[in-house]
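Worksheet: one structure, shown below.
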There are 2 protein chains.
Amino acid sequence: MPGTKAPEEERRSQILTAAFDVAARRGLDGLTTRLVAQRAQWSAGLVPFHFKTKEHLLVALLDWLLSSTTVLHVTDDIAGIPEPLARFLALLEREMHRLSSEPRRIRLFFDYWVMGTRHPEIRRKMRAELGRYREAFRPMAEEILRAEPERFGRVTPAGLAGLAVSFIKGCAIQSIIDPRFDIDEYLAAAHSLLGQLAPAPA
Amino acid sequence: MPGTKAPEEERRSQILTAAFDVAARRGLDGLTTRLVAQRAQWSAGLVPFHFKTKEHLLVALLDWLLSSTTVLHVTDDIAGIPEPLARFLALLEREMHRLSSEPRRIRLFFDYWVMGTRHPEIRRKMRAELGRYREAFRPMAEEILRAEPERFGRVTPAGLAGLAVSFIKGCAIQSIIDPRFDIDEYLAAAHSLLGQLAPAPA
DNA sequence: GCTGGCATTGAGCGGGCGTTCAATGATATT
DNA sequence: AATATCATTGAACGCCCGCTCAATGCCAGC
């Protein structure tokens, strides 16, 4: 039955949307079942009814956050770029642009990252997410390295993919905490640095 | 009177040490004045007596964390490396090694980063810290770029310094949440990438 | 040896939290 | 129309928090 949801799932979805709003404003510490209910003018007991414990709510919100963040999909326009390095750079650039257009998601992502430090299930999910993120860069990294294997003897696709993730997450950390952090300057440096990887342009 | 402290400062320092222990175990959420006191077998009222509010304690702990992290000092052995690029890489490598040797500090750093997202004073301190961190890389970045200005037209020292910070923080984010993240592989990729900046090695 | 001042104690206050649950209301089934 | 089912309400419980403060202990200056 496309376009509809079971009532139960519908309600859970509504709650998660409200929970994201609260978490985005107040952080995971400030996320309480009462505030979530209040935000949508529900009774205080509704949220605990649909999510047995707060932990369930937190885990479900993380799933919601990750699944509603289109990070894995290499869109057609980027997949269509023939040159692997250019594709790599285009993906980097698009991701950085997404960062600055969705700061609330990134902040919450790092909030969960910190939580994952002490919470096994959340750590597992964050680890998987970062792994998927790297995997998205891996095919391009492989192609880049394959073009000039002798030049990058010790560099592996996984290493290069990890570097790409660092570019993006590192940029997020700096730009979110410091609005004067110059993303264009940063991107120019990244482009130039990665541009050195090009197989000797004419 | 070297080697001694005023009793008041001595006590505050003891409290901050205990507070770091608690925060490292439980995170900033789990940091309570009672737990700090309990940890050192003090009465529950002692911590609020020396730090009027919990916010004061949190800010003081951040100051303590940042000032006791030797991040600014480019040690003599590194400063003595003649080649700027090699110096840059040596500093990167030492910082990454420090990350894995002091995971508690890094975790707490990111915990404060998240807090800084919503707390102006903490955000200000985190911004300043990241700025100092970039500045530590800047002189070397300037030298590297000065060697071949025509090759890196659009790259600025600030951009390159930001990239260096991303290398380190990005590595921390990935390796702390995922013990299987291969730091050596990552470092090899970073070295190779930055190595491309070398002024045409023989 | 007395005393004044300060560090320290530990009980207590008010408040917000997660969670529970009897009561209520709405809806679908018979 | 009667009833069973389940989402929803809102008050209540127990817990832990930051913070306060009278009482206590400790020690330097007289």
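As shown in the structure tokens, the chain order sets the letters A, B, ...; within each chain, residues go from 1, and ligands are also counted from 1 in the order they appear.
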For chain C, which residues have at least one atom within 12 Å of chain A, if we go by only C-alpha atoms (C1' of nucleotides)? Write them as a ChimeraX atom specification, please. /C:16-21
Please tabulate, as CSV, the residues of chain D that come within 8 Å of chain B, each with its closest pair of atoms and the distance in Å to one decimal, counting only C-alpha atoms (C1' of nucleotides) and ordering rows by chain, then residue number upward.
```
residue,atom,partner,partner_atom,distance
D:DC17,C1',B:Thr32,CA,7.8
D:DG18,C1',B:Lys54,CA,7.3
D:DC19,C1',B:Pro48,CA,7.4
```
Okay, now the selection with C-alpha atoms (C1' of nucleotides), as an mmCIF file, in the first residue's frame?
```cif
data_model
loop_
_atom_site.group_PDB
_atom_site.id
_atom_site.type_symbol
_atom_site.label_atom_id
_atom_site.label_comp_id
_atom_site.auth_asym_id
_atom_site.auth_seq_id
_atom_site.Cartn_x
_atom_site.Cartn_y
_atom_site.Cartn_z
ATOM 1 C "C1'" DC D 17 20.666 16.412 39.847
ATOM 2 C "C1'" DG D 18 22.643 21.399 41.128
ATOM 3 C "C1'" DC D 19 22.725 24.106 44.818
#
```
Check every residue of chain B for an atom within 8 Å of chain A, counting only C-alpha atoms, and provide those that qualify as an NGL selection string. :B and (26-27 or 29 or 107 or 110-111 or 113-114 or 116-118 or 123 or 126-127 or 130 or 152 or 154-156 or 158-160 or 162-163 or 165-171 or 174 or 176-178 or 182 or 185-190 or 192-194 or 196-197)
Could you jot down the CA of Ala141 in chain A to CA of Leu145 in chain B separation for me, Å, one decimal place?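 Atom-to-atom, CA of Ala141 in chain A and CA of Leu145 in chain B are spaced 25.8 Å apart.
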Near-Glu143 in chain B list (10 Å; only C-alpha atoms (C1' of nucleotides); drop same-chain fewer than 6 positions) as a VMD selection string: chain B and resid 83 to 85 88 149 157
Export of prior selection with C-alpha atoms as a tab-separated table (two decimals), in the first residue's frame:
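Wrote selection.tsv, looks like this:
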```tsv
chain	number	residue	atom	x	y	z
B	83	GLU	CA	63.03	20.66	4.95
B	84	PRO	CA	59.63	22.34	5.58
B	85	LEU	CA	57.64	19.50	4.05
B	88	PHE	CA	55.13	19.32	8.28
B	149	PRO	CA	54.33	29.52	-5.75
B	157	PRO	CA	48.81	28.77	3.93
```
Selection: 12 Å around DT3 in chain D, only C-alpha atoms (C1' of nucleotides), excl. self and same-chain fewer than 3 positions, as a PyMOL selection string: chain C and resi 27-30
N, CA and C atoms (P, O5', C5', C4', C3', O3' and C1' of nucleotides) of the current selection, written as a PDB file, in the first residue's frame:
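Written output follows (result21.pdb):
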```
ATOM      1  P    DT C  27     -12.120   8.273  15.771  1.00  0.00           P
ATOM      2  O5'  DT C  27     -11.820   6.806  15.221  1.00  0.00           O
ATOM      3  C5'  DT C  27     -10.762   6.046  15.814  1.00  0.00           C
ATOM      4  C4'  DT C  27     -11.033   4.562  15.672  1.00  0.00           C
ATOM      5  C3'  DT C  27     -12.013   4.171  14.555  1.00  0.00           C
ATOM      6  O3'  DT C  27     -11.420   3.147  13.775  1.00  0.00           O
ATOM      7  C1'  DT C  27     -12.592   3.089  16.556  1.00  0.00           C
ATOM      8  P    DA C  28     -11.937   2.829  12.281  1.00  0.00           P
ATOM      9  O5'  DA C  28     -11.993   1.240  12.319  1.00  0.00           O
ATOM     10  C5'  DA C  28     -10.946   0.518  12.942  1.00  0.00           C
ATOM     11  C4'  DA C  28     -11.466  -0.815  13.457  1.00  0.00           C
ATOM     12  C3'  DA C  28     -12.330  -1.583  12.463  1.00  0.00           C
ATOM     13  O3'  DA C  28     -11.929  -2.948  12.449  1.00  0.00           O
ATOM     14  C1'  DA C  28     -13.496  -1.320  14.503  1.00  0.00           C
ATOM     15  P    DT C  29     -12.568  -3.977  11.425  1.00  0.00           P
ATOM     16  O5'  DT C  29     -13.387  -4.937  12.404  1.00  0.00           O
ATOM     17  C5'  DT C  29     -12.762  -5.402  13.608  1.00  0.00           C
ATOM     18  C4'  DT C  29     -13.742  -6.192  14.443  1.00  0.00           C
ATOM     19  C3'  DT C  29     -14.661  -7.126  13.639  1.00  0.00           C
ATOM     20  O3'  DT C  29     -14.728  -8.389  14.280  1.00  0.00           O
ATOM     21  C1'  DT C  29     -15.968  -5.697  15.018  1.00  0.00           C
ATOM     22  P    DT C  30     -15.451  -9.616  13.526  1.00  0.00           P
ATOM     23  O5'  DT C  30     -16.799  -9.747  14.353  1.00  0.00           O
ATOM     24  C5'  DT C  30     -16.746  -9.930  15.778  1.00  0.00           C
ATOM     25  C4'  DT C  30     -18.134  -9.740  16.372  1.00  0.00           C
ATOM     26  C3'  DT C  30     -19.224 -10.579  15.720  1.00  0.00           C
ATOM     27  O3'  DT C  30     -19.921 -11.328  16.704  1.00  0.00           O
ATOM     28  C1'  DT C  30     -19.922  -8.320  15.951  1.00  0.00           C
TER      29       DT C  30
END
```
As an exercise, work out the distance from CA of Leu57 in chain A to C1' of DC6 in chain D in Å and give it to one decimal place. 21.0 Å
Could you pull the residues within 10 Å of range 10-18 of chain A, counting only C-alpha atoms (C1' of nucleotides), minus those fewer than 2 positions along the same chain, as number ranges by chain? A: 4-8, 20-24, 33, 35-40, 42, 46-47, 50-51, 57-58, 60-65
Extract the full set of alpha helix (DSSP H) residues from range 3-202 of chain A according to DSSP on the backbone, and format it as a count of residues only. 144
Shell around Thr75 in chain A at 12 Å using only C-alpha atoms (C1' of nucleotides), local window under 2 positions removed, as a VMD selection string: chain A and resid 70 to 73 77 to 81 87 90 to 91 94 to 95 136
What is the distance between CA of Ser43 in chain B and C1' of DG10 in chain C, in Å to one decimal?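 That distance, rounded to one decimal, is 7.1 Å.
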